[in-house]
$ cat structure.pdb   # PDB, C-alpha atoms
ATOM      1  CA  MET A   1     -33.445 -30.265  65.264
ATOM      2  CA  GLU A   2     -35.553 -29.161  62.288
ATOM      3  CA  ASP A   3     -37.236 -25.776  61.856
ATOM      4  CA  GLY A   4     -36.662 -25.061  65.542
ATOM      5  CA  LEU A   5     -38.358 -28.268  66.715
ATOM      6  CA  VAL A   6     -37.098 -31.736  67.648
ATOM      7  CA  LYS A   7     -37.694 -34.393  64.991
ATOM      8  CA  VAL A   8     -37.609 -38.074  65.905
ATOM      9  CA  VAL A   9     -35.402 -40.159  63.623
ATOM     10  CA  ALA A  10     -36.554 -43.408  65.236
ATOM     11  CA  PRO A  11     -37.458 -44.615  68.726
ATOM     12  CA  ILE A  12     -35.072 -47.280  69.993
ATOM     13  CA  ASP A  13     -36.614 -50.686  70.676
ATOM     14  CA  GLU A  14     -37.816 -51.451  74.220
ATOM     15  CA  THR A  15     -37.463 -47.844  75.448
ATOM     16  CA  PRO A  16     -40.193 -45.661  77.022
ATOM     17  CA  ALA A  17     -40.591 -43.715  73.770
ATOM     18  CA  ALA A  18     -41.172 -46.886  71.759
ATOM     19  CA  LYS A  19     -43.626 -48.212  74.341
ATOM     20  CA  ALA A  20     -45.530 -44.904  74.278
ATOM     21  CA  GLY A  21     -46.035 -45.207  70.515
ATOM     22  CA  ILE A  22     -43.688 -42.502  69.256
ATOM     23  CA  LEU A  23     -42.694 -43.184  65.641
ATOM     24  CA  SER A  24     -40.099 -42.072  63.142
ATOM     25  CA  GLY A  25     -40.888 -38.622  61.770
ATOM     26  CA  ASP A  26     -42.810 -37.396  64.826
ATOM     27  CA  VAL A  27     -42.083 -33.765  65.748
ATOM     28  CA  ILE A  28     -41.844 -32.721  69.416
ATOM     29  CA  THR A  29     -43.118 -29.181  69.995
ATOM     30  CA  GLN A  30     -43.428 -28.953  73.808
ATOM     31  CA  ILE A  31     -41.907 -30.609  76.867
ATOM     32  CA  ASP A  32     -44.095 -30.405  79.977
ATOM     33  CA  ASP A  33     -46.009 -27.460  78.469
ATOM     34  CA  GLU A  34     -42.799 -25.560  77.665
ATOM     35  CA  ALA A  35     -42.268 -24.730  74.000
ATOM     36  CA  ILE A  36     -39.139 -26.156  72.404
ATOM     37  CA  ALA A  37     -38.806 -23.242  69.984
ATOM     38  CA  GLY A  38     -35.769 -21.222  71.035
ATOM     39  CA  LEU A  39     -33.968 -24.141  72.685
ATOM     40  CA  THR A  40     -30.937 -25.911  71.276
ATOM     41  CA  LEU A  41     -31.123 -29.657  70.693
ATOM     42  CA  ASP A  42     -28.898 -30.290  73.727
ATOM     43  CA  GLN A  43     -31.146 -28.138  75.926
ATOM     44  CA  ALA A  44     -34.230 -30.017  74.744
ATOM     45  CA  VAL A  45     -32.574 -33.377  75.407
ATOM     46  CA  VAL A  46     -31.583 -32.301  78.924
ATOM     47  CA  LYS A  47     -35.197 -31.360  79.659
ATOM     48  CA  MET A  48     -36.428 -34.741  78.446
ATOM     49  CA  LYS A  49     -34.048 -36.618  80.732
ATOM     50  CA  GLY A  50     -34.918 -37.127  84.390
ATOM     51  CA  ALA A  51     -35.106 -39.489  87.337
ATOM     52  CA  PRO A  52     -36.353 -43.060  86.769
ATOM     53  CA  ASN A  53     -40.125 -43.472  87.262
ATOM     54  CA  SER A  54     -40.735 -39.731  86.885
ATOM     55  CA  LYS A  55     -43.232 -38.619  84.275
ATOM     56  CA  ILE A  56     -42.892 -36.336  81.296
ATOM     57  CA  ARG A  57     -45.489 -34.992  78.864
ATOM     58  CA  LEU A  58     -44.559 -34.373  75.265
ATOM     59  CA  LYS A  59     -46.674 -32.536  72.718
ATOM     60  CA  ILE A  60     -46.256 -34.343  69.410
ATOM     61  CA  ILE A  61     -47.278 -33.577  65.843
ATOM     62  CA  HIS A  62     -47.615 -36.717  63.760
ATOM     63  CA  ARG A  63     -46.906 -36.533  60.072
ATOM     64  CA  GLY A  64     -50.124 -36.216  58.112
ATOM     65  CA  THR A  65     -51.938 -34.471  60.949
ATOM     66  CA  GLU A  66     -52.213 -30.834  61.971
ATOM     67  CA  ALA A  67     -53.408 -31.007  65.576
ATOM     68  CA  PRO A  68     -50.739 -31.855  68.171
ATOM     69  CA  VAL A  69     -51.391 -34.618  70.706
ATOM     70  CA  ASP A  70     -50.106 -35.115  74.242
ATOM     71  CA  ILE A  71     -48.131 -38.265  75.044
ATOM     72  CA  ALA A  72     -47.247 -39.174  78.624
ATOM     73  CA  ILE A  73     -44.042 -41.131  79.171
ATOM     74  CA  VAL A  74     -42.624 -42.673  82.349
ATOM     75  CA  ARG A  75     -38.863 -42.328  82.383
ATOM     76  CA  GLU A  76     -36.655 -45.381  82.781
ATOM     77  CA  ILE A  77     -32.937 -46.065  82.869
ATOM     78  CA  ILE A  78     -32.199 -46.835  79.228
ATOM     79  CA  ARG A  79     -30.393 -50.115  78.715
ATOM     80  CA  VAL A  80     -30.092 -50.490  74.972
ATOM     81  CA  ARG A  81     -29.716 -54.059  73.776
ATOM     82  CA  PRO A  82     -28.181 -53.370  70.370
ATOM     83  CA  VAL A  83     -28.490 -56.918  69.004
ATOM     84  CA  ARG A  84     -31.208 -59.543  69.428
ATOM     85  CA  TYR A  85     -31.437 -62.794  67.535
ATOM     86  CA  HIS A  86     -33.275 -66.094  67.137
ATOM     87  CA  THR A  87     -33.641 -68.942  64.677
ATOM     88  CA  GLU A  88     -36.650 -69.250  62.411
ATOM     89  CA  GLY A  89     -38.044 -72.557  61.178
ATOM     90  CA  GLY A  90     -34.805 -74.406  61.758
ATOM     91  CA  ASP A  91     -33.167 -72.926  58.642
ATOM     92  CA  ILE A  92     -32.908 -69.117  58.982
ATOM     93  CA  GLY A  93     -31.043 -66.891  61.419
ATOM     94  CA  TYR A  94     -32.795 -63.637  62.358
ATOM     95  CA  VAL A  95     -30.654 -60.775  63.694
ATOM     96  CA  LYS A  96     -32.190 -57.483  64.826
ATOM     97  CA  ILE A  97     -29.714 -54.593  65.136
ATOM     98  CA  ALA A  98     -31.427 -51.797  67.060
ATOM     99  CA  SER A  99     -28.541 -49.313  67.243
ATOM    100  CA  PHE A 100     -24.839 -48.953  66.599
ATOM    101  CA  ASN A 101     -23.011 -48.513  69.894
ATOM    102  CA  GLU A 102     -19.772 -49.908  71.335
ATOM    103  CA  GLN A 103     -21.355 -53.342  71.906
ATOM    104  CA  THR A 104     -22.997 -53.825  68.498
ATOM    105  CA  THR A 105     -20.249 -55.722  66.676
ATOM    106  CA  ASP A 106     -19.583 -57.996  69.657
ATOM    107  CA  GLY A 107     -23.313 -58.674  69.905
ATOM    108  CA  LEU A 108     -23.469 -59.484  66.192
ATOM    109  CA  ARG A 109     -20.522 -61.875  66.438
ATOM    110  CA  LYS A 110     -22.232 -63.671  69.313
ATOM    111  CA  ALA A 111     -25.502 -63.841  67.366
ATOM    112  CA  ILE A 112     -23.844 -65.387  64.305
ATOM    113  CA  THR A 113     -21.914 -67.847  66.482
ATOM    114  CA  GLU A 114     -25.004 -68.976  68.382
ATOM    115  CA  ILE A 115     -27.119 -69.271  65.227
ATOM    116  CA  SER A 116     -24.351 -71.342  63.596
ATOM    117  CA  LYS A 117     -24.380 -73.665  66.595
ATOM    118  CA  ALA A 118     -28.166 -74.029  66.527
ATOM    119  CA  ILE A 119     -28.477 -74.649  62.766
ATOM    120  CA  PRO A 120     -26.046 -77.018  60.965
ATOM    121  CA  PRO A 121     -24.321 -75.398  57.934
ATOM    122  CA  GLU A 122     -26.082 -77.703  55.469
ATOM    123  CA  LYS A 123     -29.490 -76.615  56.838
ATOM    124  CA  LEU A 124     -28.771 -72.896  57.286
ATOM    125  CA  THR A 125     -30.524 -71.140  54.396
ATOM    126  CA  GLY A 126     -29.324 -67.647  55.277
ATOM    127  CA  TYR A 127     -29.710 -64.630  57.541
ATOM    128  CA  VAL A 128     -32.256 -61.843  57.913
ATOM    129  CA  VAL A 129     -30.608 -58.659  59.218
ATOM    130  CA  ASP A 130     -33.314 -56.313  60.504
ATOM    131  CA  LEU A 131     -32.256 -52.636  60.475
ATOM    132  CA  ARG A 132     -35.751 -51.157  60.592
ATOM    133  CA  ASN A 133     -36.164 -48.139  62.884
ATOM    134  CA  ASN A 134     -32.443 -48.235  63.632
ATOM    135  CA  PRO A 135     -31.451 -44.549  64.030
ATOM    136  CA  GLY A 136     -27.723 -45.243  63.558
ATOM    137  CA  GLY A 137     -24.804 -44.523  65.842
ATOM    138  CA  LEU A 138     -21.052 -45.016  65.555
ATOM    139  CA  LEU A 139     -19.391 -45.032  62.139
ATOM    140  CA  ASP A 140     -16.722 -47.555  63.150
ATOM    141  CA  GLN A 141     -19.454 -49.964  64.223
ATOM    142  CA  ALA A 142     -21.191 -49.594  60.852
ATOM    143  CA  VAL A 143     -17.910 -50.496  59.150
ATOM    144  CA  SER A 144     -17.235 -53.497  61.407
ATOM    145  CA  VAL A 145     -20.820 -54.768  61.109
ATOM    146  CA  SER A 146     -20.537 -54.580  57.312
ATOM    147  CA  SER A 147     -17.216 -56.409  57.589
ATOM    148  CA  ALA A 148     -18.976 -59.297  59.339
ATOM    149  CA  PHE A 149     -20.927 -59.978  56.128
ATOM    150  CA  MET A 150     -18.393 -59.202  53.381
ATOM    151  CA  ALA A 151     -14.804 -60.347  52.965
ATOM    152  CA  ARG A 152     -13.434 -57.226  51.299
ATOM    153  CA  GLY A 153     -14.330 -53.995  49.566
ATOM    154  CA  GLU A 154     -15.301 -50.416  50.325
ATOM    155  CA  VAL A 155     -18.046 -49.931  52.913
ATOM    156  CA  VAL A 156     -18.545 -46.167  52.704
ATOM    157  CA  SER A 157     -16.748 -42.973  51.776
ATOM    158  CA  THR A 158     -17.056 -39.432  53.064
ATOM    159  CA  ARG A 159     -16.612 -36.630  50.543
ATOM    160  CA  GLY A 160     -16.211 -32.936  51.252
ATOM    161  CA  ARG A 161     -15.718 -29.948  48.993
ATOM    162  CA  THR A 162     -12.188 -30.879  47.946
ATOM    163  CA  PRO A 163     -10.738 -34.256  46.834
ATOM    164  CA  GLU A 164      -8.243 -34.347  49.695
ATOM    165  CA  GLU A 165     -11.127 -34.402  52.169
ATOM    166  CA  THR A 166     -12.324 -37.777  50.852
ATOM    167  CA  GLN A 167     -12.032 -40.715  53.256
ATOM    168  CA  ARG A 168     -12.721 -44.345  52.388
ATOM    169  CA  PHE A 169     -13.572 -47.086  54.849
ATOM    170  CA  THR A 170     -13.092 -50.712  53.815
ATOM    171  CA  ALA A 171     -14.228 -54.090  55.140
ATOM    172  CA  ARG A 172     -11.881 -55.982  57.410
ATOM    173  CA  GLY A 173     -11.987 -59.241  59.325
ATOM    174  CA  GLY A 174     -13.719 -61.510  56.819
ATOM    175  CA  ASP A 175     -17.264 -62.784  56.231
ATOM    176  CA  LEU A 176     -18.418 -64.489  59.442
ATOM    177  CA  THR A 177     -21.439 -65.979  57.670
ATOM    178  CA  LYS A 178     -19.230 -67.875  55.173
ATOM    179  CA  GLY A 179     -21.097 -66.545  52.173
ATOM    180  CA  LYS A 180     -24.611 -67.491  53.264
ATOM    181  CA  PRO A 181     -27.403 -65.462  51.586
ATOM    182  CA  ILE A 182     -28.490 -62.325  53.428
ATOM    183  CA  VAL A 183     -31.673 -60.256  53.353
ATOM    184  CA  VAL A 184     -31.560 -56.798  54.955
ATOM    185  CA  LEU A 185     -34.773 -55.145  56.150
ATOM    186  CA  ILE A 186     -35.003 -51.324  56.122
ATOM    187  CA  ASN A 187     -37.759 -48.718  56.433
ATOM    188  CA  GLY A 188     -38.294 -44.992  56.874
ATOM    189  CA  GLY A 189     -36.775 -45.158  60.362
ATOM    190  CA  SER A 190     -33.476 -46.710  59.204
ATOM    191  CA  ALA A 191     -30.914 -43.921  59.308
ATOM    192  CA  SER A 192     -27.242 -43.051  59.317
ATOM    193  CA  ALA A 193     -25.107 -46.086  60.248
ATOM    194  CA  SER A 194     -27.875 -48.508  59.296
ATOM    195  CA  GLU A 195     -28.032 -46.899  55.838
ATOM    196  CA  ILE A 196     -24.264 -47.306  55.493
ATOM    197  CA  VAL A 197     -24.538 -51.034  56.192
ATOM    198  CA  ALA A 198     -27.517 -51.536  53.879
ATOM    199  CA  GLY A 199     -25.852 -49.520  51.101
ATOM    200  CA  ALA A 200     -22.576 -51.421  51.346
ATOM    201  CA  LEU A 201     -24.160 -54.877  51.315
ATOM    202  CA  HIS A 202     -26.435 -53.857  48.449
ATOM    203  CA  ASP A 203     -23.728 -52.347  46.250
ATOM    204  CA  HIS A 204     -21.456 -55.365  46.691
ATOM    205  CA  LYS A 205     -24.423 -57.615  45.802
ATOM    206  CA  ARG A 206     -23.990 -59.274  49.163
ATOM    207  CA  ALA A 207     -27.606 -58.822  50.275
ATOM    208  CA  THR A 208     -31.122 -58.308  48.990
ATOM    209  CA  ILE A 209     -32.759 -55.227  50.507
ATOM    210  CA  ILE A 210     -36.460 -55.504  51.407
ATOM    211  CA  GLY A 211     -38.834 -52.927  52.910
ATOM    212  CA  THR A 212     -39.243 -49.222  52.196
ATOM    213  CA  ARG A 213     -36.839 -46.407  51.442
ATOM    214  CA  SER A 214     -34.615 -45.444  54.357
ATOM    215  CA  PHE A 215     -34.542 -42.079  56.151
ATOM    216  CA  GLY A 216     -31.727 -40.376  54.231
ATOM    217  CA  LYS A 217     -29.425 -39.139  57.024
ATOM    218  CA  GLY A 218     -25.982 -39.076  55.453
ATOM    219  CA  SER A 219     -24.217 -35.846  56.367
ATOM    220  CA  VAL A 220     -20.995 -35.404  58.338
ATOM    221  CA  GLN A 221     -21.030 -32.496  60.770
ATOM    222  CA  THR A 222     -18.053 -30.795  62.355
ATOM    223  CA  ILE A 223     -18.406 -28.878  65.633
ATOM    224  CA  ILE A 224     -16.363 -25.671  65.652
ATOM    225  CA  PRO A 225     -15.968 -24.039  69.123
ATOM    226  CA  LEU A 226     -16.484 -20.285  69.128
ATOM    227  CA  GLY A 227     -14.609 -19.600  72.335
ATOM    228  CA  THR A 228     -15.445 -19.819  76.020
ATOM    229  CA  GLY A 229     -19.052 -18.937  76.659
ATOM    230  CA  ASN A 230     -19.803 -18.349  72.984
ATOM    231  CA  GLY A 231     -21.068 -21.812  72.102
ATOM    232  CA  ALA A 232     -20.126 -23.612  68.892
ATOM    233  CA  LEU A 233     -21.019 -23.838  65.231
ATOM    234  CA  ALA A 234     -22.228 -27.122  63.742
ATOM    235  CA  LEU A 235     -21.162 -27.162  60.104
ATOM    236  CA  THR A 236     -21.951 -29.845  57.531
ATOM    237  CA  THR A 237     -18.548 -30.619  56.030
ATOM    238  CA  ALA A 238     -19.051 -33.869  54.105
ATOM    239  CA  ARG A 239     -21.566 -36.482  53.016
ATOM    240  CA  TYR A 240     -21.651 -40.257  53.127
ATOM    241  CA  PHE A 241     -21.557 -42.146  49.827
ATOM    242  CA  THR A 242     -22.223 -45.826  49.196
ATOM    243  CA  PRO A 243     -19.532 -47.874  47.363
ATOM    244  CA  SER A 244     -21.295 -47.269  44.026
ATOM    245  CA  GLY A 245     -21.020 -43.502  44.567
ATOM    246  CA  ARG A 246     -24.594 -42.699  45.603
ATOM    247  CA  SER A 247     -25.141 -40.059  48.267
ATOM    248  CA  ILE A 248     -27.206 -41.176  51.248
ATOM    249  CA  GLN A 249     -28.187 -37.665  52.352
ATOM    250  CA  ALA A 250     -31.829 -36.842  51.550
ATOM    251  CA  LEU A 251     -31.960 -39.823  49.176
ATOM    252  CA  GLY A 252     -31.738 -42.826  51.453
ATOM    253  CA  ILE A 253     -31.370 -46.428  50.351
ATOM    254  CA  LYS A 254     -34.028 -47.844  48.028
ATOM    255  CA  PRO A 255     -34.989 -51.476  48.573
ATOM    256  CA  ASP A 256     -34.664 -54.089  45.851
ATOM    257  CA  ILE A 257     -38.106 -55.310  46.850
ATOM    258  CA  GLU A 258     -40.562 -52.780  48.266
ATOM    259  CA  VAL A 259     -43.062 -54.164  50.769
ATOM    260  CA  LEU A 260     -45.659 -51.941  52.471
ATOM    261  CA  GLN A 261     -47.161 -53.016  55.759
ATOM    262  CA  ASP A 262     -50.867 -53.199  56.560
ATOM    263  CA  VAL A 263     -51.312 -50.362  59.070
ATOM    264  CA  PRO A 264     -54.083 -50.357  61.716
ATOM    265  CA  ASP A 265     -56.725 -47.715  61.050
ATOM    266  CA  GLU A 266     -55.913 -45.794  64.223
ATOM    267  CA  LEU A 267     -52.288 -45.416  63.127
ATOM    268  CA  LYS A 268     -52.701 -44.749  59.435
ATOM    269  CA  THR A 269     -52.080 -41.002  59.526
ATOM    270  CA  ARG A 270     -49.085 -41.583  61.770
ATOM    271  CA  ALA A 271     -47.522 -44.506  59.955
ATOM    272  CA  ASP A 272     -47.701 -43.059  56.465
ATOM    273  CA  LEU A 273     -44.355 -41.493  57.229
ATOM    274  CA  ARG A 274     -41.885 -39.927  54.867
ATOM    275  CA  GLY A 275     -38.215 -39.753  55.761
ATOM    276  CA  GLU A 276     -35.759 -37.200  54.445
ATOM    277  CA  ALA A 277     -35.479 -39.314  51.301
ATOM    278  CA  SER A 278     -39.142 -38.965  50.409
ATOM    279  CA  MET A 279     -39.487 -35.317  51.341
ATOM    280  CA  ARG A 280     -36.501 -34.301  49.260
ATOM    281  CA  GLY A 281     -36.468 -37.032  46.639
ATOM    282  CA  HIS A 282     -37.584 -34.575  43.980
ATOM    283  CA  LEU A 283     -34.239 -32.828  44.310
ATOM    284  CA  ALA A 284     -32.643 -35.849  42.658
ATOM    285  CA  GLY A 285     -35.269 -36.003  39.940
ATOM    286  CA  ASP A 286     -36.999 -39.100  41.324
ATOM    287  CA  SER A 287     -40.449 -39.878  40.034
ATOM    288  CA  ALA A 288     -43.475 -39.585  42.302
ATOM    289  CA  GLU A 289     -43.629 -43.380  42.562
ATOM    290  CA  GLN A 290     -40.041 -43.586  43.721
ATOM    291  CA  GLN A 291     -40.630 -40.955  46.395
ATOM    292  CA  THR A 292     -43.340 -42.929  48.197
ATOM    293  CA  GLY A 293     -43.163 -45.812  50.625
ATOM    294  CA  SER A 294     -40.975 -44.577  53.476
ATOM    295  CA  GLN A 295     -43.199 -46.313  55.973
ATOM    296  CA  ALA A 296     -41.790 -46.737  59.467
ATOM    297  CA  TYR A 297     -44.488 -48.969  60.988
ATOM    298  CA  VAL A 298     -43.449 -52.476  62.064
ATOM    299  CA  PRO A 299     -46.257 -54.828  63.170
ATOM    300  CA  PRO A 300     -45.768 -56.189  66.697
ATOM    301  CA  SER A 301     -46.508 -59.758  65.575
ATOM    302  CA  GLU A 302     -44.110 -61.516  63.185
ATOM    303  CA  LYS A 303     -46.982 -63.254  61.407
ATOM    304  CA  ASP A 304     -48.414 -59.829  60.445
ATOM    305  CA  ASP A 305     -45.026 -58.472  59.383
ATOM    306  CA  LYS A 306     -45.165 -58.565  55.573
ATOM    307  CA  ALA A 307     -41.572 -57.429  55.074
ATOM    308  CA  LEU A 308     -40.245 -60.089  57.441
ATOM    309  CA  GLN A 309     -42.315 -62.825  55.813
ATOM    310  CA  ALA A 310     -41.096 -61.636  52.398
ATOM    311  CA  ALA A 311     -37.526 -61.925  53.687
ATOM    312  CA  PHE A 312     -38.105 -65.508  54.835
ATOM    313  CA  ASN A 313     -39.676 -66.357  51.487
ATOM    314  CA  GLN A 314     -36.810 -64.720  49.598
ATOM    315  CA  LEU A 315     -34.257 -66.881  51.407
ATOM    316  CA  ARG A 316     -36.329 -69.991  50.834
ATOM    317  CA  GLY A 317     -36.645 -69.477  47.122
ATOM    318  CA  GLY A 318     -38.444 -66.280  46.169
ATOM    319  CA  VAL A 319     -40.936 -63.686  47.347
ATOM    320  CA  THR A 320     -44.513 -64.965  47.120
ATOM    321  CA  VAL A 321     -46.373 -61.701  47.762
ATOM    322  CA  ASN A 322     -49.280 -61.103  45.353
ATOM    323  CA  ALA A 323     -48.119 -58.192  43.188
ATOM    324  CA  ASP A 324     -51.667 -56.841  42.832
ATOM    325  CA  ALA A 325     -52.513 -56.920  46.529
ATOM    326  CA  PRO A 326     -52.177 -54.016  48.982
ATOM    327  CA  GLY A 327     -48.713 -54.043  50.530
ATOM    328  CA  ALA A 328     -47.382 -56.041  47.600
ATOM    329  CA  ALA A 329     -43.728 -56.381  46.815
ATOM    330  CA  LYS A 330     -42.570 -54.070  44.049
ATOM    331  CA  ARG A 331     -39.205 -53.873  42.369
ATOM    332  CA  PRO A 332     -38.240 -50.191  42.055
ATOM    333  CA  VAL A 333     -35.370 -48.861  39.982
ATOM    334  CA  PRO A 334     -32.125 -50.272  41.484
ATOM    335  CA  ASN A 335     -29.635 -48.003  43.250
TER     336      ASN A 335
END

$ encode --input "structure.pdb" --output "structure tokens"
Amino acid sequence: MEDGLVKVVAPIDETPAAKAGILSGDVITQIDDEAIAGLTLDQAVVKMKGAPNSKIRLKIIHRGTEAPVDIAIVREIIRVRPVRYHTEGGDIGYVKIASFNEQTTDGLRKAITEISKAIPPEKLTGYVVDLRNNPGGLLDQAVSVSSAFMARGEVVSTRGRTPEETQRFTARGGDLTKGKPIVVLINGGSASASEIVAGALHDHKRATIIGTRSFGKGSVQTIIPLGTGNGALALTTARYFTPSGRSIQALGIKPDIEVLQDVPDELKTRADLRGEASMRGHLAGDSAEQQTGSQAYVPPSEKDDKALQAAFNQLRGGVTVNADAPGAAKRPVPN
């Protein structure tokens, strides 16, 4: 909830919202002609849920536009497939992590096992881990997913107002990829748990990060009941920090190699999206150049996906994007 309205962090892959074209950063103002202003987030979510095959109309304001638009969605039973994978060119394993739920780590283990069976170790160049438009989820899954790619070390810490409130979470279980190179893809829709994973792998120099700056959702909230019938208070009590000590909240994770996608004309005002990191980047003294590029658009075809192709090229020996061309790879200031 932001300014009394519902803000979309990211639509989950293969869900009605994603199919309807809702993107990261969209703001929902009405549900079936009823204004959201005055509702709590839980009340708004309840109104959006309904029977399978029933219809719902949402009034959406896209970033960069002023006039709201109506989007019709047909409800479905949501079956989130947190991990999808395939091999690419006989030498690269591609793993897409769409969300962090109870099945994510098991799905990742299966993906790595199956890719290892399909590609002999001497031919396996490395892995692409796609965290784009992943809105996050469970903290323990972020820690265990990070542990699948690094043998040891801190994954993330939470810090409150006093030192005794600090908690540190470390990798456990060992590197399932046996040290193979990793490229992680992020964008303006990568938030929360996905930022924890990207930040950990980056800070431990375990992965190269490609894409655009992540969303910047790194706060820990505590729910304090106010008594029967009096509701509760949601209080921000801590923030997430990467192993190098950088706060994720409102800053996000900056890629090592920035790659902007070519956006269709009809989506340009919608896809030029800015996550929390870009909207508040000035608070950390970032330059104007560093605040841009929190795109959340992912082309439907892999051949048109510049970030994905840059990842493949990186694993095979170096990014080959023309630095003077639109959507070129740029190397911003490291985290």

$ residues_near_point --input "structure.pdb" --point "(-45.9, -27.1, 77.2)" --cutoff "10 Å" --atoms "all atoms listed in the file" --output "PDB file with C-alpha atoms, in the frame of the given file"
ATOM      1  CA  THR A  29     -43.118 -29.181  69.995  1.00  0.00           C
ATOM      2  CA  GLN A  30     -43.428 -28.953  73.808  1.00  0.00           C
ATOM      3  CA  ILE A  31     -41.907 -30.609  76.867  1.00  0.00           C
ATOM      4  CA  ASP A  32     -44.095 -30.405  79.977  1.00  0.00           C
ATOM      5  CA  ASP A  33     -46.009 -27.460  78.469  1.00  0.00           C
ATOM      6  CA  GLU A  34     -42.799 -25.560  77.665  1.00  0.00           C
ATOM      7  CA  ALA A  35     -42.268 -24.730  74.000  1.00  0.00           C
ATOM      8  CA  ILE A  36     -39.139 -26.156  72.404  1.00  0.00           C
ATOM      9  CA  ARG A  57     -45.489 -34.992  78.864  1.00  0.00           C
ATOM     10  CA  LEU A  58     -44.559 -34.373  75.265  1.00  0.00           C
ATOM     11  CA  LYS A  59     -46.674 -32.536  72.718  1.00  0.00           C
ATOM     12  CA  ASP A  70     -50.106 -35.115  74.242  1.00  0.00           C
TER      13      ASP A  70
END

$ resolve_selection --input "structure.pdb" --expression "the PyMOL selection byres ((chain A and resi 150-166) around 9)" --output "PyMOL selection string"
chain A and resi 142-143+146-149+167-179+196-197+199-201+204+206+219-220+237-243+245

$ atom_distance --input "structure.pdb" --atom1 "CA of Arg63 (chain A)" --atom2 "CA of Val9 (chain A)"
12.6 Å

$ resolve_selection --input "structure.pdb" --expression "the PyMOL selection byres ((chain A and resi 234) around 10)" --output "ChimeraX atom specification"
/A:220-225,231-233,235-237

$ resolve_selection --input "structure.pdb" --expression "the PyMOL selection byres ((chain A and resi 130) around 6)" --output "list in words"
Lys96, Val129, Leu131, Arg132, Val184 and Leu185 of chain A

$ atom_distance --input "structure.pdb" --atom1 "CA of Lys47 (chain A)" --atom2 "CA of Leu5 (chain A)"
13.7 Å

$ atom_distance --input "structure.pdb" --atom1 "CA of Asp203 (chain A)" --atom2 "CA of Ser247 (chain A)"
12.5 Å

$ residues_around --input "structure.pdb" --residues "Asn101 (chain A)" --least-positions-apart "2" --cutoff "8 Å" --atoms "all atoms listed in the file" --output "PyMOL selection string"
chain A and resi 82+99+103-104+137-138+141

$ closest_residue --input "structure.pdb" --among "A:Gly189, A:Gly229, A:Pro255, A:Gly126" --to "Gly211 (chain A)" --atoms "only C-alpha atoms"
A:Pro255

$ closest_residue --input "structure.pdb" --among "A:Ile112, A:Ala20, A:Val145, A:Ile12" --to "Ile60 (chain A)" --atoms "all atoms listed in the file"
A:Ala20

$ closest_residue --input "structure.pdb" --among "A:Gly188, A:Gly227, A:Pro121, A:Gly21" --to "Ile210 (chain A)" --atoms "all atoms listed in the file"
A:Gly188

$ residues_around --input "structure.pdb" --residues "Ile209 (chain A)" --least-positions-apart "6" --cutoff "8 Å" --atoms "only C-alpha atoms" --output "number ranges by chain"
A: 183-186, 198, 202, 254-257

$ write_last_selection --input "structure.pdb" --atoms "C-alpha atoms" --output "tab-separated table (two decimals), in the frame of the given file"
chain	number	residue	atom	x	y	z
A	183	VAL	CA	-31.67	-60.26	53.35
A	184	VAL	CA	-31.56	-56.80	54.96
A	185	LEU	CA	-34.77	-55.14	56.15
A	186	ILE	CA	-35.00	-51.32	56.12
A	198	ALA	CA	-27.52	-51.54	53.88
A	202	HIS	CA	-26.44	-53.86	48.45
A	254	LYS	CA	-34.03	-47.84	48.03
A	255	PRO	CA	-34.99	-51.48	48.57
A	256	ASP	CA	-34.66	-54.09	45.85
A	257	ILE	CA	-38.11	-55.31	46.85

$ closest_residue --input "structure.pdb" --among "A:Glu76, A:Glu102, A:Asp91, A:Asp262" --to "Pro16 (chain A)" --atoms "all atoms listed in the file"
A:Glu76
